[in-house]
Structures are given as C-alpha cells and as structure tokens.
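Input: a single structure, listed below in structure tokens.
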Amino acid sequence: MKAVVWHGIGDIRLDEVEEPRIEDGHDAIVRITRSAICGTDLHFIRGTMSGMKEGTILGHEAVGVVTEVGEHVRGFQPGDRVVINSTMSCGACRYCRDGHTAQCDVANPNGPHAGTSFFGGPEATGPVNGLQAEYARIPWAQNTMTKLPDSVTDDQAILLSDIFPTAWFGAQLAGVSRGDIVVVLGAGIVGQFSVVSAFKQGAGRVIVVDGVADRLAQARTLGAEVVDFNDVDPVSAVMELTNDIGADCVIDAVGVDAERPARGPAAPDDDAAAGFDEEVAQVAPDIAPQGDLWRPGDAPSQASRWAVEMVAKYGRIGIIGVYSPLAEVYPIGQAMNKNLTVRMGNCDHHSVTPPLIDMVAAGVFDPTALITAHESLAGVIDAYEAFDRREPGWIKVALDIGG
C-alpha cells in the first residue's frame with residue numbers, strides 16, 4: 001500500500017509499504033478514506049520535534065471503514081465507519097476512567113510515565129505508524145475509534161479526528177466563559193477552530209493575532225477581530241481593544257514554530273533576535289532547510305511571551321500549540337507576578353470528540369468551510385510543501401485516500 005513515510009529531517013516520501021495486520025487482540029484494521037496534513041506533522045519534518053524513527057508513517061487524523069477487529073474489540077465490526085482519535089487510550093485505566101485519555105497509563109508502549117501516545121509521532125509517543133496511508137492498524141481500537149452517523153460526511157469527520165477537539169479542549173483549558181474577551185494566538189487551522197470553540201463556549205469577543213493575511217481574513221469570517229503582528233504591536237493592540245485591561249484568557253494555538261514579526265513596531269531588536277536564535281538552536285539543533293522549505297519558526301517563545309503580556313491580571317492561558325520537550329524558555333516570573341493560571345496539554349480526544357460529532361450531526365456547526373485544499377495521496381508531497389510555505393489557501397489540507 002501507499003503511505004507517507006518519514007526518512008529524516010527534511011525528507012518525507014510516498015512509499016510502498018506492507019499493509020498492517022492485527023498484532024494484538026485490542027487492534028483493528030481500518031481502510032482509510034480521508035486523512036489530513038497537520039502543523040504537528042511539519043514539526044517532525046522541520047526538526048522542531050526530535051526523536052522521530054526512520055520509517056515511521058506520518059499522520060494522526062483519519063476517517064475510514066473497519067475491515068478487521070481483534071478478539072477483544074467488542075464494540076466494532078467490519079463495515080463500521082469510524083473517526084480515529086489522534087491519541088490512543090485503553091479505556092480502562094484510572095486516567096481513561098476520569099476522561100483524561102491523553103494520559104492513558106497503558107496505550108504508550110514506553111510505559112505509564114511516558115505520556116501521550118499518538119499516531120505518526122516520535123519514539124517517545126510509541127512510535128505508532130500513522131494514518132496518512134491506505135490502511136492503518138489502530139491499537140486500543142475500542143477507545144481510539146468512534147462510530148460515525150451517516151449524516152456526518154468524511155470531510156466533516158476528518159476535522160473531528162484532531163483539529164476541532166483540540167481547539168475545543170484549548171478553550172476549556174483557558175477557562176472560556178460567558179462574556180469573556182478571548183485572544184487566540186495563531187490563525188492556522190487550530191486557531192480557526194479555537195475561534196469557533198471560544199464563541200460556542202460563551203466568549204463575548206475573540207481577537208486573533210497572526211501575520212498571514214489570508215488566515216486573518218478567514219478568522220474575520222468567523223466573527224473574530226484580527227490583529228496583524230507585522231503592522232502593529234499585538235500586545236498594545238489588545239490593550240487598546242480591552243480598555244487597557246487585557247484579555248480574560250488567551251489560547252496559544254502556535255507553539256514552538258512561532259515566527260517573529262518581519263517588520264513593524266513588534267519586530268525584535270538585535271538583542272531579542274539573538275535570543276530567539278539561541279532558542280531555535282536549542283529546540284531544533286539538527287534542522288536541514290532546503291531553500292524556503294522545512295524552515296522552523298524563528299521565535300520559539302514568542303507566543304508564550306505575548307500570551308503572558310496581553311492577558312489581564314488573574315487571567316487564564318490555555319496552551320495547545322505544540323512545544324518540544326527541549327523548549328525551556330517561558331516567562332514564568334511575569335506570569336506569577338500577574339497571578340495567572342496556565343494550563344496546557346494534549347487533547348483528551350475520546351472524551352472531547354463525541355459531543356462535537358453530535359453538534360455537527362445536528363447541523364449546529366458545519367466545519368467543512370475550513371478545509372481549504374483537497375489532495376490525493378499521489379499529490380501529498382507537493383501538498384506538504386505548499387502547506388509548509390504557508391502559501392495562500394493552504395490552511396487545512398484534506399487527503400482523499402479512497403471512496
């Protein structure tokens with residue numbers, strides 16, 4: 001079968017690989033009909049998330065049809081149409097029972113203290129082959145898959161595999177409540193869904209900060225107020241928009257691949273730029289850019305700094321943007337001095353996703369307008385390159401694998 005395979009930093013290929021098989025009684029095999037490219041995948045290619053194992057199939061978002069189940073998978077059968085959670089969970093440990101499925105004690109092959117296990121990630125998360133493939137093995141299938149109603153299309157469902165649940169989780173981490181002014185840092189696809197999630201959780205206003213014009217334009221269609229950090233200082237802009245109080249909460253949907261302003265009043269001076277350069281060398285020591293491809297963000301702590309500066313005293317910050325374990329720069333003193341609450345982590349997909357499926361099935365929200373590009377598996381490498389360059393129109397790429 002065809003699959004997208006990681007061979008090294010700056011080196012991914014569409015390879016012919018063996019089809020997966022049942023390896024454990026808790027497994028299922030799924031024929032993938034829709035997958036997607038995520039910004040997290042770019043971390044592995046750019047080198048801002050270390051520990052990838054050569055030969056790992058990429059991708060952690062998929063919709064498909066079950067073709068085979070192991071003997072312990074009692075709730076699914078061949079022919080069932082499912083959305084696959086990006087994170088795996090056993091459904092029986094104490095964390096799963098509490099709904100904290102991202103920290104399942106059992107799913108990660110590295111042991112209970114290893115943290116989240118997700119598809120297509122580095123060795124610390126498994127590694128478990130990912131979902132940008134024609135078929136996939138789903139470990140702990142009973143808790144890692146969710147059945148789909150016929151009324152939910154593949155295009156809707158692919159956004160329920162990771163993006164919408166992660167954004168919803170981010171708004172929960174930030175403690176969004178009725179009337180809040182919420183700042184979303186980053187207008188990529190997770191940032192777009194963070195706008196939706198914040199409004200649906202009661203936000204009175206949502207302000208989006210980014211430096212890419214088409215992404216800001218997309219956020220405006222969702223009802224957000226937009227701030228281009230290349231034109232104005234985003235911290236000053238947020239203060240002006242909030243009567244100099246600051247936001248009630250901030251959702252960091254950027255993470256370690258943040259980019260510094262290229263121009264304008266927020267552009268870093270020489271000392272700040274040198275500090276960011278040192279951070280890049282720390283979090284991504286083995287980068288291998290190829291021209292304008294696979295370049296990591298040049299300001300790893302930029303989003304976290306802005307979040308602390310623009311939130312009000314006693315404000316709340318929710319971090320869902322990906323940060324490498326090597327990232328050690330955070331303005332903790334300033335956060336403490338403002339009595340901030342900072343929460344972060346990977347989405348508890350199994351407990352977060354089902355109500356969102358119901359929301360989409362009921363017609364409360366149709367997420368498909370936020371898919372900005374469709375590609376076949378044959379064109380996936382070109383799609384990765386366009387997405388990496390942040391070309392206009394490449395906010396979310398759905399991969400049409402099969403009917």
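For the structure tokens, the naming scheme is as follows: chains receive sequential letters (A, B, ...) according to their order of presentation, residues are indexed from 1 within each chain, and ligands are indexed from 1 in presentation order.
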Those of segment 263-379 of chain A in DSSP helix (DSSP H, G or I), formatted as a VMD selection string: chain A and resid 270 to 283 302 to 310 332 to 337 349 to 361 367 to 370 377 to 379
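Residues within 9 Å of Met52 of chain A, counting only C-alpha atoms and excluding same-chain residues fewer than 4 positions away, are Trp6, His7, Gly8, Ile9, Phe44, Thr56, Gly120, Gly121, Pro122, Glu123, Ala124 and Pro127 of chain A.
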Residue neighbourhood segment 350-356 of chain A, 9 Å, only C-alpha atoms, exclusion window fewer than 6 positions, as a list in words: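 Here the qualifying residues turn out to be Asn85, Thr87, Met88, Ser89, Gly91, Cys96, Gly99, His100, Thr101, Ala102, Asn143, Thr144, Met145, Thr146, Leu160, Ser161, Asp162, Phe164, Pro165, Thr166, Trp168 and Phe169 of chain A.
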Shell around Gly75 of chain A at 12 Å using only C-alpha atoms, local window under 5 positions removed, as a VMD selection string: chain A and resid 26 28 66 69 to 70 80 82 140 to 147
Those residues you just picked out, can you put them in a file as an mmCIF file, in the first residue's frame with all heavy atoms?
```
data_model
loop_
_atom_site.group_PDB
_atom_site.id
_atom_site.type_symbol
_atom_site.label_atom_id
_atom_site.label_comp_id
_atom_site.auth_asym_id
_atom_site.auth_seq_id
_atom_site.Cartn_x
_atom_site.Cartn_y
_atom_site.Cartn_z
ATOM 1 N N HIS A 26 -6.556 -6.199 20.898
ATOM 2 C CA HIS A 26 -7.239 -4.912 21.029
ATOM 3 C C HIS A 26 -7.137 -4.070 19.758
ATOM 4 O O HIS A 26 -7.633 -2.945 19.729
ATOM 5 C CB HIS A 26 -6.653 -4.123 22.199
ATOM 6 C CG HIS A 26 -6.848 -4.785 23.532
ATOM 7 N ND1 HIS A 26 -8.022 -4.734 24.224
ATOM 8 C CD2 HIS A 26 -5.998 -5.544 24.284
ATOM 9 C CE1 HIS A 26 -7.916 -5.406 25.357
ATOM 10 N NE2 HIS A 26 -6.685 -5.905 25.419
ATOM 11 N N ALA A 28 -7.559 -2.969 15.641
ATOM 12 C CA ALA A 28 -8.449 -3.038 14.484
ATOM 13 C C ALA A 28 -7.660 -2.578 13.265
ATOM 14 O O ALA A 28 -6.665 -1.853 13.388
ATOM 15 C CB ALA A 28 -9.687 -2.165 14.670
ATOM 16 N N VAL A 66 -13.833 0.111 9.040
ATOM 17 C CA VAL A 66 -13.204 -1.023 9.705
ATOM 18 C C VAL A 66 -13.238 -2.237 8.772
ATOM 19 O O VAL A 66 -14.279 -2.568 8.198
ATOM 20 C CB VAL A 66 -13.931 -1.357 11.023
ATOM 21 C CG1 VAL A 66 -13.332 -2.607 11.668
ATOM 22 C CG2 VAL A 66 -13.857 -0.166 11.979
ATOM 23 N N VAL A 69 -11.190 -6.723 13.084
ATOM 24 C CA VAL A 69 -11.035 -6.377 14.502
ATOM 25 C C VAL A 69 -10.420 -7.548 15.258
ATOM 26 O O VAL A 69 -10.604 -8.716 14.892
ATOM 27 C CB VAL A 69 -12.383 -6.000 15.162
ATOM 28 C CG1 VAL A 69 -12.962 -4.756 14.520
ATOM 29 C CG2 VAL A 69 -13.374 -7.148 15.104
ATOM 30 N N GLY A 70 -9.676 -7.229 16.321
ATOM 31 C CA GLY A 70 -9.107 -8.242 17.190
ATOM 32 C C GLY A 70 -10.164 -8.836 18.114
ATOM 33 O O GLY A 70 -11.270 -8.301 18.263
ATOM 34 N N ASP A 80 -18.044 -0.971 9.820
ATOM 35 C CA ASP A 80 -18.349 0.236 10.586
ATOM 36 C C ASP A 80 -17.522 1.417 10.080
ATOM 37 O O ASP A 80 -16.316 1.295 9.844
ATOM 38 C CB ASP A 80 -18.051 0.041 12.071
ATOM 39 C CG ASP A 80 -19.081 -0.812 12.787
ATOM 40 O OD1 ASP A 80 -20.187 -0.981 12.241
ATOM 41 O OD2 ASP A 80 -18.774 -1.303 13.893
ATOM 42 N N VAL A 82 -15.832 4.945 10.869
ATOM 43 C CA VAL A 82 -15.311 5.490 12.124
ATOM 44 C C VAL A 82 -14.446 6.715 11.884
ATOM 45 O O VAL A 82 -13.874 6.899 10.812
ATOM 46 C CB VAL A 82 -14.470 4.438 12.890
ATOM 47 C CG1 VAL A 82 -15.332 3.248 13.280
ATOM 48 C CG2 VAL A 82 -13.265 3.984 12.063
ATOM 49 N N TRP A 140 -5.667 -0.372 20.632
ATOM 50 C CA TRP A 140 -6.692 0.000 21.603
ATOM 51 C C TRP A 140 -7.907 0.597 20.887
ATOM 52 O O TRP A 140 -8.434 1.643 21.241
ATOM 53 C CB TRP A 140 -6.128 0.964 22.650
ATOM 54 C CG TRP A 140 -4.936 0.395 23.330
ATOM 55 C CD1 TRP A 140 -3.631 0.715 23.127
ATOM 56 C CD2 TRP A 140 -4.937 -0.678 24.295
ATOM 57 N NE1 TRP A 140 -2.809 -0.063 23.901
ATOM 58 C CE2 TRP A 140 -3.586 -0.932 24.632
ATOM 59 C CE3 TRP A 140 -5.943 -1.429 24.905
ATOM 60 C CZ2 TRP A 140 -3.219 -1.913 25.550
ATOM 61 C CZ3 TRP A 140 -5.577 -2.403 25.816
ATOM 62 C CH2 TRP A 140 -4.233 -2.640 26.134
ATOM 63 N N ALA A 141 -8.330 -0.152 19.859
ATOM 64 C CA ALA A 141 -9.345 0.358 18.938
ATOM 65 C C ALA A 141 -10.654 0.705 19.625
ATOM 66 O O ALA A 141 -11.348 1.649 19.221
ATOM 67 C CB ALA A 141 -9.588 -0.660 17.829
ATOM 68 N N GLN A 142 -11.019 -0.047 20.653
ATOM 69 C CA GLN A 142 -12.305 0.185 21.293
ATOM 70 C C GLN A 142 -12.442 1.606 21.822
ATOM 71 O O GLN A 142 -13.514 2.205 21.782
ATOM 72 C CB GLN A 142 -12.507 -0.802 22.452
ATOM 73 C CG GLN A 142 -13.889 -0.769 23.078
ATOM 74 C CD GLN A 142 -14.978 -1.151 22.083
ATOM 75 O OE1 GLN A 142 -14.915 -2.216 21.474
ATOM 76 N NE2 GLN A 142 -15.955 -0.273 21.888
ATOM 77 N N ASN A 143 -11.328 2.176 22.277
ATOM 78 C CA ASN A 143 -11.363 3.521 22.852
ATOM 79 C C ASN A 143 -10.746 4.572 21.950
ATOM 80 O O ASN A 143 -10.840 5.766 22.232
ATOM 81 C CB ASN A 143 -10.640 3.548 24.208
ATOM 82 C CG ASN A 143 -11.386 4.363 25.251
ATOM 83 O OD1 ASN A 143 -12.541 4.096 25.510
ATOM 84 N ND2 ASN A 143 -10.720 5.340 25.854
ATOM 85 N N THR A 144 -10.120 4.132 20.858
ATOM 86 C CA THR A 144 -9.409 5.060 19.977
ATOM 87 C C THR A 144 -10.226 5.393 18.734
ATOM 88 O O THR A 144 -9.895 6.333 18.011
ATOM 89 C CB THR A 144 -8.036 4.470 19.602
ATOM 90 O OG1 THR A 144 -7.299 4.231 20.817
ATOM 91 C CG2 THR A 144 -7.212 5.390 18.732
ATOM 92 N N MET A 145 -11.312 4.665 18.505
ATOM 93 C CA MET A 145 -12.197 4.941 17.374
ATOM 94 C C MET A 145 -13.580 5.331 17.902
ATOM 95 O O MET A 145 -13.989 4.916 18.980
ATOM 96 C CB MET A 145 -12.340 3.713 16.471
ATOM 97 C CG MET A 145 -11.031 3.134 15.963
ATOM 98 S SD MET A 145 -11.245 1.859 14.692
ATOM 99 C CE MET A 145 -12.360 0.696 15.479
ATOM 100 N N THR A 146 -14.293 6.106 17.098
ATOM 101 C CA THR A 146 -15.676 6.469 17.409
ATOM 102 C C THR A 146 -16.524 6.266 16.162
ATOM 103 O O THR A 146 -16.129 6.701 15.071
ATOM 104 C CB THR A 146 -15.790 7.938 17.869
ATOM 105 O OG1 THR A 146 -14.898 8.157 18.972
ATOM 106 C CG2 THR A 146 -17.200 8.269 18.292
ATOM 107 N N LYS A 147 -17.662 5.607 16.314
ATOM 108 C CA LYS A 147 -18.547 5.399 15.170
ATOM 109 C C LYS A 147 -19.115 6.728 14.689
ATOM 110 O O LYS A 147 -19.372 7.635 15.477
ATOM 111 C CB LYS A 147 -19.690 4.463 15.546
ATOM 112 C CG LYS A 147 -19.283 3.010 15.713
ATOM 113 C CD LYS A 147 -20.498 2.146 16.010
ATOM 114 C CE LYS A 147 -20.092 0.690 16.238
ATOM 115 N NZ LYS A 147 -21.258 -0.164 16.581
#
```
Residue neighbourhood Gln334 of chain A, 10 Å, only C-alpha atoms, exclusion window fewer than 5 positions, as a list of chain:residue names: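 In the requested form, the answer reads A:Arg305, A:Val308, A:Glu309, A:Asn339, A:Leu340.
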Per-residue DSSP, segment 49-242 of chain A, filtered to strand (DSSP E or B), as a VMD selection string: chain A and resid 56 to 57 62 to 69 81 to 84 87 118 to 119 128 133 135 to 138 145 to 147 181 to 185 205 to 210 225 to 228
Computed interatomic separation between atom CA of Pro149 of chain A and atom CA of Ala361 of chain A (Å):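 Interatomic distance here is 7.3 Å.
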Pick from A:Val209, A:Cys104, A:Val329, A:Met49, whichever lies nearest to Glu278 of chain A using only C-alpha atoms: A:Val329
Residue nearest Asp228 of chain A among A:Asp98, A:Asp248, A:Glu134, A:Asp214 (counting only C-alpha atoms): A:Asp214
Counting only C-alpha atoms, the option among A:Leu222, A:Ala36, A:Leu14, A:Ala107 closest to Trp394 of chain A: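 Looking at the shortest contact to Trp394 of chain A, the residue is A:Ala36.
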Who sits within 10 Å of Ile189 of chain A, only C-alpha atoms, same chain under 4 positions skipped, as a count of residues only: 20
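Going from atom CA of Val250 of chain A to atom CA of His113 of chain A covers 28.9 Å.
The protein and nucleic acid residues lying at most 12 Å from Val232 of chain A are Val209, Asp210, Gly211, Val226, Val227, Ala237, Val238, Met239, Glu240, Pro261, Ala262, Arg263, Gly264, Pro265, Ala266 and Ala267 of chain A, with only C-alpha atoms considered and sequence neighbours fewer than 5 positions away removed.
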